[in-house]
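Novice: Following this line is entry.cif, made up of mmCIF, C-alpha atoms:
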data_entry
loop_
_atom_site.group_PDB
_atom_site.id
_atom_site.type_symbol
_atom_site.label_atom_id
_atom_site.label_comp_id
_atom_site.auth_asym_id
_atom_site.auth_seq_id
_atom_site.Cartn_x
_atom_site.Cartn_y
_atom_site.Cartn_z
ATOM 1 C CA MET D 1 17.788 157.417 100.853
ATOM 2 C CA SER D 2 20.152 155.828 98.476
ATOM 3 C CA LEU D 3 23.583 155.053 99.801
ATOM 4 C CA GLN D 4 26.052 155.329 97.004
ATOM 5 C CA GLN D 5 29.199 153.369 97.717
ATOM 6 C CA LYS D 6 32.384 154.879 96.394
ATOM 7 C CA LYS D 7 33.796 152.476 93.777
ATOM 8 C CA GLU D 8 37.339 151.378 94.497
ATOM 9 C CA GLU D 9 39.574 151.074 91.486
ATOM 10 C CA PRO D 10 40.979 147.572 91.003
ATOM 11 C CA GLU D 11 44.751 147.293 91.017
ATOM 12 C CA ILE D 12 47.453 144.691 91.437
ATOM 13 C CA PRO D 13 49.570 145.201 94.531
ATOM 14 C CA THR D 14 53.128 145.801 93.329
ATOM 15 C CA ALA D 15 54.699 146.953 96.562
ATOM 16 C CA SER D 16 56.351 143.596 97.262
ATOM 17 C CA MET D 17 57.496 143.086 93.660
ATOM 18 C CA ALA D 18 60.818 144.824 94.311
ATOM 19 C CA ASP D 19 61.410 142.705 97.407
ATOM 20 C CA ILE D 20 60.921 139.496 95.429
ATOM 21 C CA ALA D 21 63.125 140.795 92.640
ATOM 22 C CA PHE D 22 65.901 141.738 95.065
ATOM 23 C CA LEU D 23 65.722 138.318 96.687
ATOM 24 C CA LEU D 24 66.278 136.750 93.261
ATOM 25 C CA ILE D 25 69.141 139.166 92.594
ATOM 26 C CA VAL D 26 70.852 138.162 95.832
ATOM 27 C CA PHE D 27 70.479 134.492 94.862
ATOM 28 C CA PHE D 28 72.001 134.978 91.415
ATOM 29 C CA MET D 29 74.749 137.241 92.743
ATOM 30 C CA LEU D 30 75.812 134.576 95.224
ATOM 31 C CA THR D 31 75.716 131.716 92.732
ATOM 32 C CA THR D 32 77.307 133.577 89.824
ATOM 33 C CA VAL D 33 80.764 132.512 88.829
ATOM 34 C CA PHE D 34 81.901 134.738 86.025
ATOM 35 C CA SER D 35 83.199 132.536 83.331
ATOM 36 C CA ALA D 36 86.838 133.282 84.069
ATOM 37 C CA ASN D 37 87.606 129.717 83.090
ATOM 38 C CA LYS D 38 89.957 129.800 80.189
ATOM 39 C CA GLY D 39 92.392 127.303 78.860
ATOM 40 C CA MET D 40 94.627 126.217 76.022
ATOM 41 C CA GLU D 41 92.963 124.250 73.288
ATOM 42 C CA HIS D 42 94.476 120.991 72.171
ATOM 43 C CA ILE D 43 93.093 118.538 69.655
ATOM 44 C CA LEU D 44 93.738 114.894 70.486
ATOM 45 C CA PRO D 45 94.389 112.698 67.456
ATOM 46 C CA PRO D 46 91.820 109.965 66.765
ATOM 47 C CA LYS D 47 92.719 106.526 68.126
ATOM 48 C CA GLU D 48 92.977 105.000 64.632
ATOM 49 C CA GLU D 49 95.926 107.232 63.772
ATOM 50 C CA ASN D 50 98.122 105.217 66.116
ATOM 51 C CA ASP D 51 100.098 103.507 63.366
ATOM 52 C CA ASP D 52 100.875 106.745 61.606
ATOM 53 C CA VAL D 53 103.916 107.601 63.705
ATOM 54 C CA VAL D 54 105.931 110.691 62.844
ATOM 55 C CA ASP D 55 109.638 110.179 62.310
ATOM 56 C CA PRO D 56 111.234 112.044 65.225
ATOM 57 C CA GLN D 57 114.306 112.790 63.087
ATOM 58 C CA GLU D 58 112.148 114.918 60.812
ATOM 59 C CA ALA D 59 110.252 116.650 63.579
ATOM 60 C CA VAL D 60 111.173 119.315 66.097
ATOM 61 C CA TYR D 61 111.707 117.067 69.105
ATOM 62 C CA ILE D 62 111.241 118.802 72.446
ATOM 63 C CA GLN D 63 112.073 116.686 75.476
ATOM 64 C CA ILE D 64 111.219 117.913 78.979
ATOM 65 C CA PHE D 65 113.121 116.617 82.012
ATOM 66 C CA PRO D 66 112.228 116.502 85.722
ATOM 67 C CA SER D 67 115.141 118.836 86.522
ATOM 68 C CA GLY D 68 113.351 121.743 84.841
ATOM 69 C CA GLN D 69 115.503 121.492 81.741
ATOM 70 C CA PHE D 70 114.399 120.731 78.222
ATOM 71 C CA THR D 71 116.127 119.867 74.992
ATOM 72 C CA MET D 72 115.161 120.980 71.517
ATOM 73 C CA ASP D 73 116.797 118.829 68.854
ATOM 74 C CA GLN D 74 119.674 117.940 71.212
ATOM 75 C CA THR D 75 120.323 121.502 72.466
ATOM 76 C CA SER D 76 119.668 121.870 76.189
ATOM 77 C CA TYR D 77 117.899 124.842 77.837
ATOM 78 C CA TYR D 78 116.470 125.765 81.235
ATOM 79 C CA ILE D 79 112.717 126.196 81.499
ATOM 80 C CA ASP D 80 113.316 129.926 82.267
ATOM 81 C CA ASP D 81 114.448 130.299 78.645
ATOM 82 C CA VAL D 82 111.132 128.928 77.386
ATOM 83 C CA GLU D 83 110.895 131.821 74.870
ATOM 84 C CA LYS D 84 113.633 130.068 72.911
ATOM 85 C CA VAL D 85 110.987 127.521 71.851
ATOM 86 C CA TYR D 86 109.085 130.272 70.059
ATOM 87 C CA GLU D 87 112.174 131.487 68.183
ATOM 88 C CA TYR D 88 113.482 128.041 67.282
ATOM 89 C CA VAL D 89 110.155 126.549 66.161
ATOM 90 C CA ASN D 90 109.345 129.749 64.269
ATOM 91 C CA SER D 91 112.559 129.410 62.255
ATOM 92 C CA LYS D 92 111.694 125.781 61.455
ATOM 93 C CA VAL D 93 108.050 126.429 60.593
ATOM 94 C CA GLN D 94 108.991 129.286 58.251
ATOM 95 C CA VAL D 95 110.831 126.721 56.112
ATOM 96 C CA ASN D 96 108.255 123.945 56.399
ATOM 97 C CA ALA D 97 104.797 124.949 57.663
ATOM 98 C CA LYS D 98 103.791 121.319 58.204
ATOM 99 C CA LYS D 99 106.846 120.472 60.324
ATOM 100 C CA PRO D 100 105.677 118.134 63.114
ATOM 101 C CA ILE D 101 106.472 119.181 66.673
ATOM 102 C CA ILE D 102 106.739 116.481 69.326
ATOM 103 C CA VAL D 103 106.443 117.522 72.971
ATOM 104 C CA ASP D 104 107.844 114.585 74.912
ATOM 105 C CA ALA D 105 107.579 115.224 78.650
ATOM 106 C CA ASN D 106 109.255 112.831 81.046
ATOM 107 C CA PRO D 107 106.697 111.186 83.405
ATOM 108 C CA GLU D 108 108.517 112.768 86.359
ATOM 109 C CA ALA D 109 108.592 116.248 84.786
ATOM 110 C CA ARG D 110 106.375 119.089 86.026
ATOM 111 C CA TYR D 111 103.050 119.448 84.217
ATOM 112 C CA GLY D 112 103.550 123.235 84.471
ATOM 113 C CA ASP D 113 106.748 122.990 82.395
ATOM 114 C CA MET D 114 104.914 121.110 79.667
ATOM 115 C CA VAL D 115 102.171 123.763 79.663
ATOM 116 C CA ALA D 116 104.814 126.529 79.439
ATOM 117 C CA ILE D 117 106.277 124.954 76.301
ATOM 118 C CA LEU D 118 102.849 124.266 74.829
ATOM 119 C CA ASP D 119 101.988 127.909 75.542
ATOM 120 C CA GLN D 120 104.922 129.090 73.405
ATOM 121 C CA LEU D 121 103.849 126.804 70.563
ATOM 122 C CA LYS D 122 100.236 128.000 70.746
ATOM 123 C CA LEU D 123 101.472 131.595 70.865
ATOM 124 C CA LEU D 124 103.392 131.006 67.657
ATOM 125 C CA SER D 125 100.386 129.268 66.140
ATOM 126 C CA ALA D 126 98.206 132.300 66.986
ATOM 127 C CA GLU D 127 100.834 134.680 65.603
ATOM 128 C CA LEU D 128 101.148 132.788 62.312
ATOM 129 C CA LYS D 129 97.366 132.222 62.167
ATOM 130 C CA GLN D 130 97.855 128.556 61.312
ATOM 131 C CA ASP D 131 97.592 125.321 63.229
ATOM 132 C CA LEU D 132 100.869 123.644 64.053
ATOM 133 C CA ALA D 133 101.231 119.861 64.025
ATOM 134 C CA ILE D 134 101.801 119.490 67.774
ATOM 135 C CA THR D 135 101.912 115.955 69.168
ATOM 136 C CA ILE D 136 101.931 114.965 72.814
ATOM 137 C CA PRO D 137 102.949 111.287 72.551
ATOM 138 C CA THR D 138 101.359 108.526 74.604
ATOM 139 C CA PRO D 139 103.729 106.439 76.795
ATOM 140 C CA GLU D 140 103.963 103.783 74.020
ATOM 141 C CA GLU D 141 104.653 106.354 71.324
ATOM 142 C CA ARG D 142 107.278 107.968 73.527
ATOM 143 C CA GLU D 143 109.117 104.674 73.887
ATOM 144 C CA LEU D 144 108.942 104.160 70.141
ATOM 145 C CA TYR D 145 110.272 107.653 69.419
ATOM 146 C CA GLN D 146 113.161 107.171 71.801
ATOM 147 C CA GLN D 147 114.068 103.887 70.111
ATOM 148 C CA MET D 148 113.849 105.550 66.698
ATOM 149 C CA ARG D 149 116.103 108.395 67.783
ATOM 150 C CA GLN D 150 118.870 106.073 68.937
ATOM 151 C CA MET F 1 46.831 190.986 101.966
ATOM 152 C CA LYS F 2 47.494 187.773 103.664
ATOM 153 C CA VAL F 3 49.321 185.304 101.427
ATOM 154 C CA LYS F 4 47.888 181.859 101.706
ATOM 155 C CA LYS F 5 50.454 179.304 102.768
ATOM 156 C CA THR F 6 51.071 176.758 100.032
ATOM 157 C CA LYS F 7 50.130 173.244 100.901
ATOM 158 C CA SER F 8 53.370 171.341 101.506
ATOM 159 C CA LEU F 9 53.813 168.212 99.383
ATOM 160 C CA GLU F 10 54.487 165.014 101.216
ATOM 161 C CA ALA F 11 58.014 163.779 100.523
ATOM 162 C CA ASN F 12 58.292 160.336 99.036
ATOM 163 C CA ILE F 13 60.799 158.334 97.013
ATOM 164 C CA PRO F 14 59.441 157.107 93.697
ATOM 165 C CA THR F 15 59.650 153.321 93.805
ATOM 166 C CA ALA F 16 57.638 152.462 90.715
ATOM 167 C CA SER F 17 60.716 151.750 88.578
ATOM 168 C CA MET F 18 62.509 149.865 91.353
ATOM 169 C CA ALA F 19 61.114 146.518 90.198
ATOM 170 C CA ASP F 20 62.149 147.217 86.604
ATOM 171 C CA ILE F 21 65.726 147.910 87.645
ATOM 172 C CA ALA F 22 65.742 144.824 89.843
ATOM 173 C CA PHE F 23 64.451 142.615 87.029
ATOM 174 C CA LEU F 24 67.080 143.992 84.674
ATOM 175 C CA LEU F 25 69.741 142.982 87.178
ATOM 176 C CA ILE F 26 68.142 139.547 87.552
ATOM 177 C CA VAL F 27 68.256 138.965 83.809
ATOM 178 C CA PHE F 28 71.941 139.989 83.764
ATOM 179 C CA PHE F 29 72.861 137.592 86.560
ATOM 180 C CA MET F 30 70.736 134.772 85.125
ATOM 181 C CA ILE F 31 72.556 134.996 81.814
ATOM 182 C CA SER F 32 76.019 135.299 83.281
ATOM 183 C CA THR F 33 75.566 132.564 85.879
ATOM 184 C CA VAL F 34 77.649 129.473 85.362
ATOM 185 C CA PHE F 35 77.250 126.886 88.068
ATOM 186 C CA GLN F 36 80.685 125.682 89.061
ATOM 187 C CA VAL F 37 80.998 121.897 88.936
ATOM 188 C CA ASP F 38 84.312 121.791 90.737
ATOM 189 C CA LYS F 39 85.627 123.776 93.663
ATOM 190 C CA THR F 40 88.965 121.995 94.149
ATOM 191 C CA SER F 41 91.703 124.545 94.585
ATOM 192 C CA VAL F 42 94.738 123.836 92.453
ATOM 193 C CA ALA F 43 97.654 126.067 91.472
ATOM 194 C CA LEU F 44 96.985 126.264 87.758
ATOM 195 C CA PRO F 45 99.900 126.682 85.348
ATOM 196 C CA THR F 46 100.090 130.013 83.537
ATOM 197 C CA SER F 47 99.835 130.852 79.850
ATOM 198 C CA HIS F 48 99.589 133.985 77.708
ATOM 199 C CA ALA F 49 96.293 135.748 77.024
ATOM 200 C CA ASP F 50 96.481 134.980 73.286
ATOM 201 C CA THR F 51 96.542 131.239 73.863
ATOM 202 C CA ARG F 52 93.660 131.147 76.335
ATOM 203 C CA HIS F 53 90.153 130.436 75.088
ATOM 204 C CA GLU F 54 86.897 130.460 76.977
ATOM 205 C CA VAL F 55 85.753 127.104 78.347
ATOM 206 C CA VAL F 56 82.513 126.059 76.672
ATOM 207 C CA LYS F 57 79.457 125.663 78.936
ATOM 208 C CA GLU F 58 78.876 122.091 80.151
ATOM 209 C CA SER F 59 82.407 120.971 79.372
ATOM 210 C CA ALA F 60 83.401 117.830 81.234
ATOM 211 C CA PHE F 61 86.174 118.304 83.793
ATOM 212 C CA VAL F 62 89.047 116.098 84.896
ATOM 213 C CA ILE F 63 90.827 117.490 87.932
ATOM 214 C CA ILE F 64 94.340 116.396 88.895
ATOM 215 C CA THR F 65 95.771 117.651 92.168
ATOM 216 C CA LYS F 66 99.446 117.941 93.072
ATOM 217 C CA ASP F 67 99.449 114.573 94.870
ATOM 218 C CA GLY F 68 97.797 112.811 91.933
ATOM 219 C CA THR F 69 94.221 112.653 93.218
ATOM 220 C CA ILE F 70 91.815 112.495 90.272
ATOM 221 C CA LYS F 71 88.317 113.928 90.208
ATOM 222 C CA ALA F 72 85.902 114.048 87.304
ATOM 223 C CA SER F 73 82.651 115.735 86.376
ATOM 224 C CA ASP F 74 80.465 115.430 83.301
ATOM 225 C CA GLY F 75 79.949 119.197 83.346
ATOM 226 C CA VAL F 76 76.509 119.013 84.920
ATOM 227 C CA GLU F 77 76.996 117.252 88.234
ATOM 228 C CA ASP F 78 79.595 118.099 90.857
ATOM 229 C CA SER F 79 83.036 116.545 90.521
ATOM 230 C CA GLN F 80 83.661 113.276 92.329
ATOM 231 C CA LEU F 81 86.734 111.274 93.216
ATOM 232 C CA VAL F 82 87.511 108.609 90.622
ATOM 233 C CA ASN F 83 90.169 105.993 89.996
ATOM 234 C CA ILE F 84 92.469 106.769 87.107
ATOM 235 C CA GLU F 85 91.453 103.485 85.431
ATOM 236 C CA ASP F 86 87.787 104.555 85.419
ATOM 237 C CA ILE F 87 88.463 107.705 83.386
ATOM 238 C CA GLN F 88 88.195 105.838 80.095
ATOM 239 C CA ILE F 89 84.769 104.360 80.913
ATOM 240 C CA LEU F 90 83.550 107.717 82.203
ATOM 241 C CA ALA F 91 84.829 109.607 79.166
ATOM 242 C CA ALA F 92 83.301 107.015 76.834
ATOM 243 C CA SER F 93 79.911 107.562 78.481
ATOM 244 C CA TRP F 94 80.290 111.352 78.044
ATOM 245 C CA MET F 95 81.148 110.876 74.382
ATOM 246 C CA GLN F 96 78.159 108.591 73.882
ATOM 247 C CA LYS F 97 75.809 111.263 75.206
ATOM 248 C CA ARG F 98 77.458 114.067 73.224
ATOM 249 C CA PRO F 99 80.024 113.101 70.556
ATOM 250 C CA SER F 100 81.608 116.567 70.481
ATOM 251 C CA GLN F 101 81.884 116.788 74.266
ATOM 252 C CA PRO F 102 84.766 119.104 75.193
ATOM 253 C CA VAL F 103 86.902 117.973 78.110
ATOM 254 C CA VAL F 104 88.859 120.319 80.348
ATOM 255 C CA ILE F 105 91.981 119.238 82.215
ATOM 256 C CA LYS F 106 92.279 121.182 85.448
ATOM 257 C CA ALA F 107 95.637 120.082 86.779
ATOM 258 C CA ASP F 108 98.051 121.520 89.311
ATOM 259 C CA GLY F 109 101.156 123.007 87.698
ATOM 260 C CA ASP F 110 103.331 121.113 90.164
ATOM 261 C CA ALA F 111 101.688 117.753 89.455
ATOM 262 C CA ARG F 112 103.861 115.074 87.896
ATOM 263 C CA PHE F 113 103.322 114.754 84.177
ATOM 264 C CA SER F 114 102.747 110.987 84.507
ATOM 265 C CA HIS F 115 99.317 111.631 86.086
ATOM 266 C CA VAL F 116 98.309 113.919 83.218
ATOM 267 C CA ASP F 117 99.837 111.501 80.731
ATOM 268 C CA LYS F 118 97.676 108.595 81.942
ATOM 269 C CA VAL F 119 94.544 110.747 81.866
ATOM 270 C CA LEU F 120 95.360 111.908 78.313
ATOM 271 C CA LYS F 121 95.826 108.310 77.197
ATOM 272 C CA HIS F 122 92.482 107.226 78.670
ATOM 273 C CA LEU F 123 90.697 110.214 77.149
ATOM 274 C CA ARG F 124 92.208 109.516 73.750
ATOM 275 C CA ASP F 125 91.209 105.852 73.963
ATOM 276 C CA ALA F 126 87.664 106.936 74.827
ATOM 277 C CA GLY F 127 87.563 109.024 71.647
ATOM 278 C CA VAL F 128 87.851 112.494 73.175
ATOM 279 C CA VAL F 129 89.084 115.005 70.598
ATOM 280 C CA ASN F 130 88.331 118.452 71.929
ATOM 281 C CA LEU F 131 90.606 119.097 74.896
ATOM 282 C CA LYS F 132 91.501 122.146 76.951
ATOM 283 C CA PHE F 133 94.275 122.639 79.501
ATOM 284 C CA LEU F 134 92.912 125.046 82.090
ATOM 285 C CA THR F 135 95.410 127.847 82.795
ATOM 286 C CA GLU F 136 95.718 131.157 84.554
ATOM 287 C CA GLN F 137 96.856 134.268 82.770
ATOM 288 C CA ALA F 138 100.591 134.908 82.973
ATOM 289 C CA LYS F 139 101.388 137.993 85.097
ATOM 290 C CA SER F 140 103.546 139.613 82.403
ATOM 291 C CA ASP F 141 100.457 140.230 80.205
#
Let me see whether you can do it: turn the structure in this file into structure tokens.
Specialist:
Amino acid sequence: MSLQQKKEEPEIPTASMADIAFLLIVFFMLTTVFSANKGMEHILPPKEENDDVVDPQEAVYIQIFPSGQFTMDQTSYYIDDVEKVYEYVNSKVQVNAKKPIIVDANPEARYGDMVAILDQLKLLSAELKQDLAITIPTPEERELYQQMRQ
Amino acid sequence: MKVKKTKSLEANIPTASMADIAFLLIVFFMISTVFQVDKTSVALPTSHADTRHEVVKESAFVIITKDGTIKASDGVEDSQLVNIEDIQILAASWMQKRPSQPVVIKADGDARFSHVDKVLKHLRDAGVVNLKFLTEQAKSD
């Protein structure tokens, strides 16, 4: 008598595949941080350009104070009127597109106030589709500018 | 005539495509995953949507808290406390590895500008060019 064994078809067990996949999903879901990180771009000038100081008399000179006030070419404003920066600089840049803009923040001033003013300048830059010559002076440059303005 | 009862089918949920769906989700999460190098909570200053640009992957971070504590990360390893004087050496080493290394300033909006000012000076001296001030979107947008 010949015993014929029923041939079993070979196959890869895939039942646990979904479990493994879901484990990986849980891992990636927990570690994912959606790239919500956004910020304002600013190009720092190369170190060698140190001697090439802009004449503050010819630039739009924005000075920020610790009290939450700022001055634009001697006119004083509160930081709540930050939109004035957009209007004023726009009027200047329309005449001379290469007009330098100096953002001189007092060391005791709020960083947030400086960002608010920079935001207005970048907004204008985006609107005009051209880069503005924005300078954030170093402590030495700031001293020099203040001497030059006197 | 007696009608023969139809053989009832066994109920089952088709799970063959389950793995495919799961792998699709995995691929999505793998691509969108960005490992956060810094978890310090700071009240970021706000800016308009038009002025905000996506932070490039593996950007170096300098974190400045309200009280002037400085932390830094090269964009790969977690941020660590550093002295303000060491920023220049650190930034120079980042620039040596990758000359176009972008640096992100994550500073508290209420921090004194002098802290940011010193960091900016050190970064500039180290040859950093590409800078970003991390902000949150202004609510009016």
Novice: Quick one: residues within 12 Å of Gln36 in chain F, all atoms listed in the file counted, chain neighbours fewer than 4 positions away excluded, as a list of chain:residue names?
Specialist: D:Leu30, D:Thr31, D:Thr32, D:Val33, D:Phe34, D:Ser35, D:Ala36, D:Asn37, F:Thr40, F:Val55, F:Lys57, F:Glu58, F:Ser59, F:Ala60, F:Phe61, F:Ser73, F:Asp74, F:Gly75, F:Val76, F:Glu77, F:Asp78, F:Ser79
Novice: Written as a ChimeraX atom specification, what is the full residue list that the PyMOL selection byres ((chain F) within 6 of (chain D)) yields on the file shown?
Specialist: /F:19,22,26,29,33-34,45,47,51-55,109-114,129-135
Novice: To one decimal in Å, tell me the separation between CA of Gln74 in chain D and CA of Arg149 in chain D.
Specialist: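 Interatomic distance here is 10.8 Å.
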Novice: For this structure, which residues satisfy the selection - the PyMOL selection byres ((chain D and resi 61) around 6) - when it is evaluated on the file as given? I want them as a list in words.
Specialist: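 Output of the PyMOL selection byres ((chain D and resi 61) around 6): Ala59, Val60, Ile62, Met72, Asp73 and Ile102 of chain D.
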Novice: Generate a file of the selected residues that holds C-alpha atoms, formatted as a short mmCIF file (atom, residue, chain, number, x, y, z; two decimals), keeping the file's coordinate frame.
Specialist:
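Written output follows (part39.cif):
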data_model
loop_
_atom_site.label_atom_id
_atom_site.label_comp_id
_atom_site.auth_asym_id
_atom_site.auth_seq_id
_atom_site.Cartn_x
_atom_site.Cartn_y
_atom_site.Cartn_z
CA ALA D 59 110.25 116.65 63.58
CA VAL D 60 111.17 119.32 66.10
CA ILE D 62 111.24 118.80 72.45
CA MET D 72 115.16 120.98 71.52
CA ASP D 73 116.80 118.83 68.85
CA ILE D 102 106.74 116.48 69.33
#
Novice: For CA of Thr69 in chain F and CA of Tyr78 in chain D, quote the distance in Å rounded to one decimal.
Specialist: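 Interatomic distance here is 28.5 Å.
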Novice: Work out how far CA of Ala126 in chain F is from CA of Ala91 in chain F, in Å to one decimal.
Specialist: 5.8 Å
Novice: For this structure, which residues satisfy the selection - the PyMOL selection byres ((chain F and resi 65) around 7) - when it is evaluated on the file as given? I want them as a PyMOL selection string.
Specialist: chain F and resi 42+63-64+66-70+107-108+111
Novice: Which residue, D:Tyr77, D:Tyr88, D:Phe70, D:Tyr145, has the smallest gap to Glu58 in chain D when you use only C-alpha atoms?
Specialist: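 Counting only C-alpha atoms, the residue closest to Glu58 in chain D is D:Tyr145.
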Novice: His122 in chain F: which residues within 9 Å, counting only C-alpha atoms, same-chain residues fewer than 4 positions away excluded, as number ranges by chain?
Specialist: F: 84-89, 91, 117-118, 126-128
Novice: Dump range 17-78 of chain D with C-alpha atoms to a file, as a PDB file, in the first residue's frame.
Specialist:
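Heads up, here's the output in out_36.pdb:
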ATOM      1  CA  MET D  17       3.706  41.564   9.622  1.00  0.00           C
ATOM      2  CA  ALA D  18       0.979  44.062  10.514  1.00  0.00           C
ATOM      3  CA  ASP D  19       1.912  43.888  14.192  1.00  0.00           C
ATOM      4  CA  ILE D  20       5.538  44.726  13.416  1.00  0.00           C
ATOM      5  CA  ALA D  21       4.469  47.503  11.077  1.00  0.00           C
ATOM      6  CA  PHE D  22       2.147  49.014  13.684  1.00  0.00           C
ATOM      7  CA  LEU D  23       4.898  48.894  16.286  1.00  0.00           C
ATOM      8  CA  LEU D  24       7.110  50.907  13.929  1.00  0.00           C
ATOM      9  CA  ILE D  25       4.250  53.330  13.277  1.00  0.00           C
ATOM     10  CA  VAL D  26       3.799  53.929  17.001  1.00  0.00           C
ATOM     11  CA  PHE D  27       7.541  54.598  17.320  1.00  0.00           C
ATOM     12  CA  PHE D  28       7.595  57.132  14.489  1.00  0.00           C
ATOM     13  CA  MET D  29       4.366  58.767  15.644  1.00  0.00           C
ATOM     14  CA  LEU D  30       5.833  59.343  19.094  1.00  0.00           C
ATOM     15  CA  THR D  31       9.165  60.661  17.844  1.00  0.00           C
ATOM     16  CA  THR D  32       7.789  62.817  15.031  1.00  0.00           C
ATOM     17  CA  VAL D  33       8.044  66.533  15.474  1.00  0.00           C
ATOM     18  CA  PHE D  34       6.436  68.169  12.500  1.00  0.00           C
ATOM     19  CA  SER D  35       8.818  70.717  11.226  1.00  0.00           C
ATOM     20  CA  ALA D  36       6.887  73.655  12.633  1.00  0.00           C
ATOM     21  CA  ASN D  37      10.206  75.355  13.224  1.00  0.00           C
ATOM     22  CA  LYS D  38      10.243  78.527  11.253  1.00  0.00           C
ATOM     23  CA  GLY D  39      12.198  81.686  11.619  1.00  0.00           C
ATOM     24  CA  MET D  40      13.325  84.941  10.083  1.00  0.00           C
ATOM     25  CA  GLU D  41      16.353  84.746   7.869  1.00  0.00           C
ATOM     26  CA  HIS D  42      19.215  87.122   8.435  1.00  0.00           C
ATOM     27  CA  ILE D  43      22.550  87.195   6.664  1.00  0.00           C
ATOM     28  CA  LEU D  44      25.485  88.152   8.867  1.00  0.00           C
ATOM     29  CA  PRO D  45      28.139  90.225   7.110  1.00  0.00           C
ATOM     30  CA  PRO D  46      31.575  88.612   6.742  1.00  0.00           C
ATOM     31  CA  LYS D  47      34.105  89.576   9.416  1.00  0.00           C
ATOM     32  CA  GLU D  48      36.382  91.333   6.901  1.00  0.00           C
ATOM     33  CA  GLU D  49      33.719  93.937   6.165  1.00  0.00           C
ATOM     34  CA  ASN D  50      34.301  95.482   9.578  1.00  0.00           C
ATOM     35  CA  ASP D  51      36.051  98.583   8.269  1.00  0.00           C
ATOM     36  CA  ASP D  52      33.333  99.334   5.772  1.00  0.00           C
ATOM     37  CA  VAL D  53      31.102 101.218   8.192  1.00  0.00           C
ATOM     38  CA  VAL D  54      27.919 102.811   6.894  1.00  0.00           C
ATOM     39  CA  ASP D  55      27.470 106.493   7.626  1.00  0.00           C
ATOM     40  CA  PRO D  56      24.505 106.580  10.019  1.00  0.00           C
ATOM     41  CA  GLN D  57      23.518 110.022   8.697  1.00  0.00           C
ATOM     42  CA  GLU D  58      22.803 108.467   5.316  1.00  0.00           C
ATOM     43  CA  ALA D  59      21.005 105.430   6.655  1.00  0.00           C
ATOM     44  CA  VAL D  60      17.607 104.895   8.225  1.00  0.00           C
ATOM     45  CA  TYR D  61      18.701 104.722  11.853  1.00  0.00           C
ATOM     46  CA  ILE D  62      16.333 102.791  14.102  1.00  0.00           C
ATOM     47  CA  GLN D  63      17.213 102.860  17.785  1.00  0.00           C
ATOM     48  CA  ILE D  64      15.379 100.608  20.249  1.00  0.00           C
ATOM     49  CA  PHE D  65      15.197 101.507  23.944  1.00  0.00           C
ATOM     50  CA  PRO D  66      14.551  99.389  27.054  1.00  0.00           C
ATOM     51  CA  SER D  67      11.353 101.352  27.756  1.00  0.00           C
ATOM     52  CA  GLY D  68       9.654  99.781  24.735  1.00  0.00           C
ATOM     53  CA  GLN D  69      10.110 102.903  22.649  1.00  0.00           C
ATOM     54  CA  PHE D  70      12.082 103.280  19.464  1.00  0.00           C
ATOM     55  CA  THR D  71      13.258 106.171  17.359  1.00  0.00           C
ATOM     56  CA  MET D  72      13.459 106.319  13.592  1.00  0.00           C
ATOM     57  CA  ASP D  73      15.687 109.157  12.422  1.00  0.00           C
ATOM     58  CA  GLN D  74      15.036 111.117  15.640  1.00  0.00           C
ATOM     59  CA  THR D  75      11.238 110.620  15.689  1.00  0.00           C
ATOM     60  CA  SER D  76      10.075 108.628  18.707  1.00  0.00           C
ATOM     61  CA  TYR D  77       7.406 105.880  18.645  1.00  0.00           C
ATOM     62  CA  TYR D  78       6.045 103.193  20.962  1.00  0.00           C
TER      63      TYR D  78
END
